>>> print(open('data-v6.txt').read())   # compact mmCIF, C-alpha atoms
# COMPACT_ATOMS: atom_id res chain seq x y z
CA MET M 1 139.94 122.83 142.71
CA SER M 2 137.41 121.10 144.94
CA ALA M 3 136.77 117.39 144.56
CA THR M 4 133.50 115.49 144.28
CA ALA M 5 134.03 112.91 147.02
CA HIS M 6 131.65 110.32 145.57
CA LEU M 7 133.15 110.34 142.07
CA ILE M 8 135.84 107.73 141.34
CA HIS M 9 137.97 107.78 138.19
CA ILE M 10 139.36 104.41 137.04
CA VAL M 11 142.17 104.47 134.44
CA ASP M 12 143.10 101.03 133.08
CA ASP M 13 143.42 99.57 129.60
CA ASP M 14 142.01 96.23 130.79
CA PRO M 15 138.20 96.32 130.33
CA ALA M 16 137.73 93.47 132.82
CA ILE M 17 139.40 95.46 135.61
CA ARG M 18 137.53 98.65 134.66
CA ASP M 19 134.20 96.79 134.67
CA ALA M 20 134.90 94.93 137.92
CA LEU M 21 135.97 98.05 139.83
CA THR M 22 133.07 100.04 138.39
CA VAL M 23 130.56 97.47 139.65
CA VAL M 24 132.20 97.32 143.09
CA PHE M 25 132.21 101.09 143.61
CA GLU M 26 128.72 101.62 142.21
CA LEU M 27 127.40 98.99 144.64
CA GLU M 28 129.00 101.08 147.41
CA GLY M 29 127.12 104.17 146.22
CA TYR M 30 129.94 105.88 144.30
CA ASP M 31 129.70 107.44 140.87
CA VAL M 32 132.34 106.04 138.51
CA ALA M 33 133.96 107.28 135.30
CA SER M 34 136.37 104.87 133.60
CA PHE M 35 139.05 105.55 131.01
CA GLU M 36 140.95 103.20 128.70
CA THR M 37 143.92 105.54 128.29
CA GLY M 38 145.77 108.06 130.42
CA GLU M 39 145.29 110.68 127.71
CA ALA M 40 141.50 110.39 127.93
CA PHE M 41 141.68 110.71 131.69
CA LEU M 42 143.90 113.81 131.48
CA GLU M 43 141.38 115.50 129.21
CA ARG M 44 138.69 115.00 131.85
CA ALA M 45 141.07 115.97 134.67
CA LYS M 46 141.40 119.43 133.15
CA ARG M 47 137.74 120.11 133.94
CA PRO M 48 137.44 121.53 137.48
CA ASP M 49 133.73 120.67 137.61
CA LYS M 50 134.61 116.98 137.24
CA MET M 51 137.36 116.70 139.87
CA PRO M 52 137.00 113.18 141.35
CA GLY M 53 137.20 112.16 144.98
CA CYS M 54 139.83 109.56 144.06
CA VAL M 55 141.70 108.17 141.03
CA ILE M 56 142.76 104.54 140.49
CA LEU M 57 145.52 104.45 137.87
CA ASP M 58 147.19 101.40 136.31
CA VAL M 59 150.98 101.50 135.93
CA HIS M 60 151.20 99.54 132.67
CA MET M 61 149.15 100.98 129.83
CA PRO M 62 149.75 101.38 126.10
CA GLY M 63 150.94 104.86 125.21
CA GLN M 64 151.79 106.81 128.33
CA SER M 65 152.45 104.78 131.47
CA GLY M 66 150.89 105.54 134.82
CA ILE M 67 154.17 107.18 135.91
CA GLU M 68 154.12 109.51 132.90
CA ILE M 69 150.48 110.37 133.59
CA LEU M 70 151.41 111.24 137.18
CA ARG M 71 154.20 113.51 136.00
CA ARG M 72 151.81 115.35 133.69
CA LEU M 73 149.14 115.47 136.33
CA HIS M 74 151.48 116.83 139.02
CA ALA M 75 149.68 114.55 141.46
CA ASP M 76 151.25 116.21 144.50
CA ARG M 77 149.20 119.31 143.61
CA PHE M 78 146.15 117.40 142.37
CA ALA M 79 143.22 117.73 144.75
CA ALA M 80 142.23 114.06 144.63
CA PRO M 81 144.30 111.15 146.00
CA VAL M 82 145.71 108.92 143.23
CA PHE M 83 146.15 105.16 143.79
CA VAL M 84 148.49 103.29 141.46
CA ILE M 85 147.68 99.65 140.61
CA SER M 86 150.87 97.62 140.60
CA GLY M 87 151.82 93.97 140.15
CA GLN M 88 154.09 92.23 142.63
CA GLY M 89 157.08 92.76 140.34
CA ASP M 90 156.32 96.44 139.93
CA ILE M 91 157.05 97.57 143.48
CA PRO M 92 160.07 99.72 142.45
CA MET M 93 157.78 101.37 139.92
CA ALA M 94 155.16 101.86 142.61
CA VAL M 95 157.77 103.54 144.81
CA GLU M 96 158.60 105.81 141.88
CA ALA M 97 154.88 106.62 141.63
CA ILE M 98 154.91 107.71 145.29
CA LYS M 99 157.85 109.99 144.48
CA GLN M 100 155.79 111.47 141.65
CA GLY M 101 152.95 112.31 144.02
CA ALA M 102 150.75 109.20 144.07
CA HIS M 103 148.79 108.86 147.31
CA ASP M 104 149.38 105.11 147.64
CA PHE M 105 149.64 101.92 145.62
CA ILE M 106 147.44 98.83 145.43
CA GLU M 107 149.22 95.54 144.76
CA LYS M 108 147.79 92.88 142.44
CA PRO M 109 146.01 90.65 143.04
CA PHE M 110 143.62 92.68 145.16
CA ASP M 111 140.18 92.02 146.60
CA ALA M 112 137.27 94.40 146.19
CA GLU M 113 136.71 95.01 149.91
CA THR M 114 140.32 96.08 150.44
CA VAL M 115 140.24 98.50 147.51
CA VAL M 116 136.97 100.10 148.63
CA THR M 117 138.20 100.43 152.23
CA ARG M 118 141.48 102.06 151.23
CA VAL M 119 139.81 104.44 148.80
CA ARG M 120 137.23 105.43 151.41
CA GLU M 121 139.98 106.05 153.98
CA ALA M 122 141.94 108.12 151.46
CA ILE M 123 138.93 110.29 150.66
CA GLU M 124 138.18 110.79 154.36
CA ALA M 125 141.83 111.68 155.08
CA THR M 126 141.81 114.21 152.24
CA GLU M 127 138.64 115.79 153.59
CA ARG M 128 140.15 115.95 157.11
CA LYS M 129 143.25 117.60 155.67
CA GLN M 130 141.10 120.25 153.98
CA VAL M 131 139.25 120.92 157.24
CA GLU M 132 142.50 121.08 159.21
CA SER M 133 144.37 123.13 156.62
CA ALA M 134 144.60 126.05 159.04
CA THR M 135 146.67 123.91 161.42
CA PRO M 136 150.32 125.09 161.52
CA PRO M 137 152.61 122.76 159.56
CA VAL M 138 155.63 120.97 160.98
CA ARG M 139 158.17 123.57 162.23
CA ASN M 140 161.09 124.56 160.06
CA PHE M 141 164.38 122.80 160.77
CA PRO M 142 167.59 122.15 158.85
CA GLY M 143 166.69 120.26 155.67
CA SER M 144 162.94 120.81 155.94
CA GLU M 145 162.87 122.54 152.56
CA GLN M 146 163.87 119.23 150.92
CA LEU M 147 160.66 117.49 152.02
CA THR M 148 157.44 117.29 150.03
CA PRO M 149 154.16 118.24 151.76
CA ARG M 150 153.31 114.53 152.14
CA GLU M 151 156.73 113.77 153.65
CA ARG M 152 156.22 116.57 156.16
CA GLU M 153 152.88 115.02 157.16
CA VAL M 154 154.51 111.61 157.60
CA LEU M 155 157.35 113.16 159.60
CA GLU M 156 154.82 114.86 161.87
CA GLU M 157 153.29 111.46 162.63
CA ILE M 158 156.68 109.77 163.15
CA THR M 159 157.99 112.42 165.53
CA ALA M 160 154.71 112.23 167.46
CA GLY M 161 155.50 108.57 168.11
CA ALA M 162 152.98 107.00 165.74
CA SER M 163 153.69 103.54 164.36
CA ASN M 164 153.59 102.94 160.60
CA LYS M 165 150.11 101.46 160.99
CA GLU M 166 148.84 104.38 163.09
CA ALA M 167 150.37 106.96 160.76
CA GLY M 168 148.89 105.20 157.75
CA ARG M 169 145.43 105.19 159.33
CA THR M 170 145.65 108.91 160.09
CA LEU M 171 146.89 109.85 156.62
CA GLY M 172 144.76 107.34 154.71
CA ILE M 173 147.68 105.38 153.24
CA SER M 174 149.12 101.91 153.76
CA PRO M 175 151.84 101.15 156.34
CA ARG M 176 154.05 100.04 153.44
CA THR M 177 153.76 103.47 151.86
CA ILE M 178 154.61 105.06 155.22
CA GLU M 179 157.80 102.96 155.12
CA VAL M 180 158.61 104.33 151.66
CA HIS M 181 158.16 107.91 152.86
CA ARG M 182 160.09 107.25 156.07
CA ALA M 183 163.07 105.89 154.10
CA ARG M 184 163.07 108.93 151.80
CA ILE M 185 162.81 111.33 154.76
CA MET M 186 165.71 109.66 156.57
CA GLU M 187 167.80 109.72 153.40
CA LYS M 188 167.11 113.41 152.76
CA LEU M 189 167.79 114.43 156.37
CA GLY M 190 170.71 112.08 156.97
CA ALA M 191 168.97 110.38 159.89
CA ARG M 192 169.84 106.85 161.02
CA ASN M 193 166.66 106.13 162.97
CA ALA M 194 163.48 107.67 164.40
CA ALA M 195 165.35 109.17 167.36
CA ASP M 196 167.65 110.97 164.92
CA LEU M 197 164.61 112.37 163.14
CA VAL M 198 163.23 113.75 166.40
CA ARG M 199 166.57 115.40 167.22
CA ILE M 200 166.72 116.97 163.76
CA VAL M 201 163.18 118.31 163.97
CA LEU M 202 163.79 119.74 167.45
CA SER M 203 167.20 121.18 166.57
CA HIS M 204 165.64 124.48 165.52
CA GLU M 205 164.60 125.03 169.14
>>> encode(input="data-v6.txt", output="structure tokens")
Amino acid sequence: MSATAHLIHIVDDDPAIRDALTVVFELEGYDVASFETGEAFLERAKRPDKMPGCVILDVHMPGQSGIEILRRLHADRFAAPVFVISGQGDIPMAVEAIKQGAHDFIEKPFDAETVVTRVREAIEATERKQVESATPPVRNFPGSEQLTPREREVLEEITAGASNKEAGRTLGISPRTIEVHRARIMEKLGARNAADLVRIVLSHE
């Protein structure tokens, strides 16, 4: 399903946050649809003609949590990047959201400029990925089948020598999220450091 890059979906049970984010994004020229519950959002998400450019999803909501919504959404196969809003004490939950396919997480409290910048970068990275989809993926190597598509992208950046900040800029995610992916990649592949990762990737040759 193709996404409408200028449409943002905001899913949060707090009307103040929904209203504030709606105003911020509309001032930046985006169209916004907001939802009080994950269930209402999922109903809209089923409509391919309304695929957003990005989704901002709160972790804590009555009924189904943001994590449960991600599981139902299969965010790793969802065309639009999904940001999870998380409080400082919710970082383990935010990491779980990344495992479930979230694009990145935004920590509370957040400022409007930061949110807009990260969403814009995520949309641009998604569009670049679509344009470059014909580019051959990372080569096969022992353990490569364990990695998600996003982890393979992060590994490509790491083995090319990119720092967390550089990799995050390329992929449209935060350096902290790159760290989460890096840790999961190293755990899956049994690597101790970046040099180990390079050796593993090149071992097929």
>>> closest_residue(input="data-v6.txt", among="M:Leu202, M:Asn164, M:Asn193, M:Glu157", to="Ser144 (chain M)", atoms="all atoms listed in the file")
M:Leu202
>>> residues_near_point(input="data-v6.txt", point="(158.1, 105.3, 159.0)", cutoff="9 Å", atoms="all atoms listed in the file", output="ChimeraX atom specification")
/M:154-155,157-158,162-164,167,175-183,185,194
>>> closest_atom_pairs(input="data-v6.txt", of="region 111-174 of chain M", to="region 29-38 of chain M", cutoff="12 Å", atoms="all atoms listed in the file", output="JSON lines")
{"residue": "M:Val116", "atom": "CA", "partner": "M:Tyr30", "partner_atom": "CA", "distance": 10.1}
{"residue": "M:Val119", "atom": "CA", "partner": "M:Tyr30", "partner_atom": "CA", "distance": 10.9}
{"residue": "M:Arg120", "atom": "CA", "partner": "M:Tyr30", "partner_atom": "CA", "distance": 10.2}
{"residue": "M:Ile123", "atom": "CA", "partner": "M:Tyr30", "partner_atom": "CA", "distance": 11.9}
>>> atom_distance(input="data-v6.txt", atom1="CA of Arg71 (chain M)", atom2="CA of Gly101 (chain M)")
8.2 Å
>>> residues_around(input="data-v6.txt", residues="Val55 (chain M)", least_positions_apart="4", cutoff="7 Å", atoms="all atoms listed in the file", output="ChimeraX atom specification")
/M:8-10,80-83
>>> closest_residue(input="data-v6.txt", among="M:Leu70, M:Ala45, M:Val198, M:Thr170", to="Phe141 (chain M)", atoms="only C-alpha atoms")
M:Val198
>>> atom_distance(input="data-v6.txt", atom1="CA of Glu26 (chain M)", atom2="CA of Leu73 (chain M)")
25.4 Å
>>> residues_around(input="data-v6.txt", residues="Pro109 (chain M)", least_positions_apart="2", cutoff="9 Å", atoms="all atoms listed in the file", output="mmCIF file with C-alpha atoms, keeping the file's coordinate frame")
data_model
loop_
_atom_site.group_PDB
_atom_site.id
_atom_site.type_symbol
_atom_site.label_atom_id
_atom_site.label_comp_id
_atom_site.auth_asym_id
_atom_site.auth_seq_id
_atom_site.Cartn_x
_atom_site.Cartn_y
_atom_site.Cartn_z
ATOM 1 C CA SER M 86 150.870 97.620 140.600
ATOM 2 C CA GLY M 87 151.820 93.970 140.150
ATOM 3 C CA GLN M 88 154.090 92.230 142.630
ATOM 4 C CA ILE M 106 147.440 98.830 145.430
ATOM 5 C CA GLU M 107 149.220 95.540 144.760
ATOM 6 C CA ASP M 111 140.180 92.020 146.600
#
>>> atom_distance(input="data-v6.txt", atom1="CA of Val84 (chain M)", atom2="CA of Phe105 (chain M)")
4.5 Å
>>> residues_around(input="data-v6.txt", residues="Arg118 (chain M)", least_positions_apart="3", cutoff="10 Å", atoms="only C-alpha atoms", output="ChimeraX atom specification")
/M:83,104-106,113-115,121-124,169,172-174
>>> write_last_selection(input="data-v6.txt", atoms="C-alpha atoms", output="mmCIF file, keeping the file's coordinate frame")
data_model
loop_
_atom_site.group_PDB
_atom_site.id
_atom_site.type_symbol
_atom_site.label_atom_id
_atom_site.label_comp_id
_atom_site.auth_asym_id
_atom_site.auth_seq_id
_atom_site.Cartn_x
_atom_site.Cartn_y
_atom_site.Cartn_z
ATOM 1 C CA PHE M 83 146.150 105.160 143.790
ATOM 2 C CA ASP M 104 149.380 105.110 147.640
ATOM 3 C CA PHE M 105 149.640 101.920 145.620
ATOM 4 C CA ILE M 106 147.440 98.830 145.430
ATOM 5 C CA GLU M 113 136.710 95.010 149.910
ATOM 6 C CA THR M 114 140.320 96.080 150.440
ATOM 7 C CA VAL M 115 140.240 98.500 147.510
ATOM 8 C CA GLU M 121 139.980 106.050 153.980
ATOM 9 C CA ALA M 122 141.940 108.120 151.460
ATOM 10 C CA ILE M 123 138.930 110.290 150.660
ATOM 11 C CA GLU M 124 138.180 110.790 154.360
ATOM 12 C CA ARG M 169 145.430 105.190 159.330
ATOM 13 C CA GLY M 172 144.760 107.340 154.710
ATOM 14 C CA ILE M 173 147.680 105.380 153.240
ATOM 15 C CA SER M 174 149.120 101.910 153.760
#
>>> closest_residue(input="data-v6.txt", among="M:Leu197, M:Glu43, M:Lys188, M:Pro142", to="Glu156 (chain M)", atoms="only C-alpha atoms")
M:Leu197
>>> residues_around(input="data-v6.txt", residues="Met61 (chain M)", least_positions_apart="3", cutoff="9 Å", atoms="only C-alpha atoms", output="PyMOL selection string")
chain M and resi 12-14+36-38+58+64-66
>>> closest_residue(input="data-v6.txt", among="M:Lys50, M:Arg77, M:Arg184, M:Arg128", to="Glu96 (chain M)", atoms="all atoms listed in the file")
M:Arg184
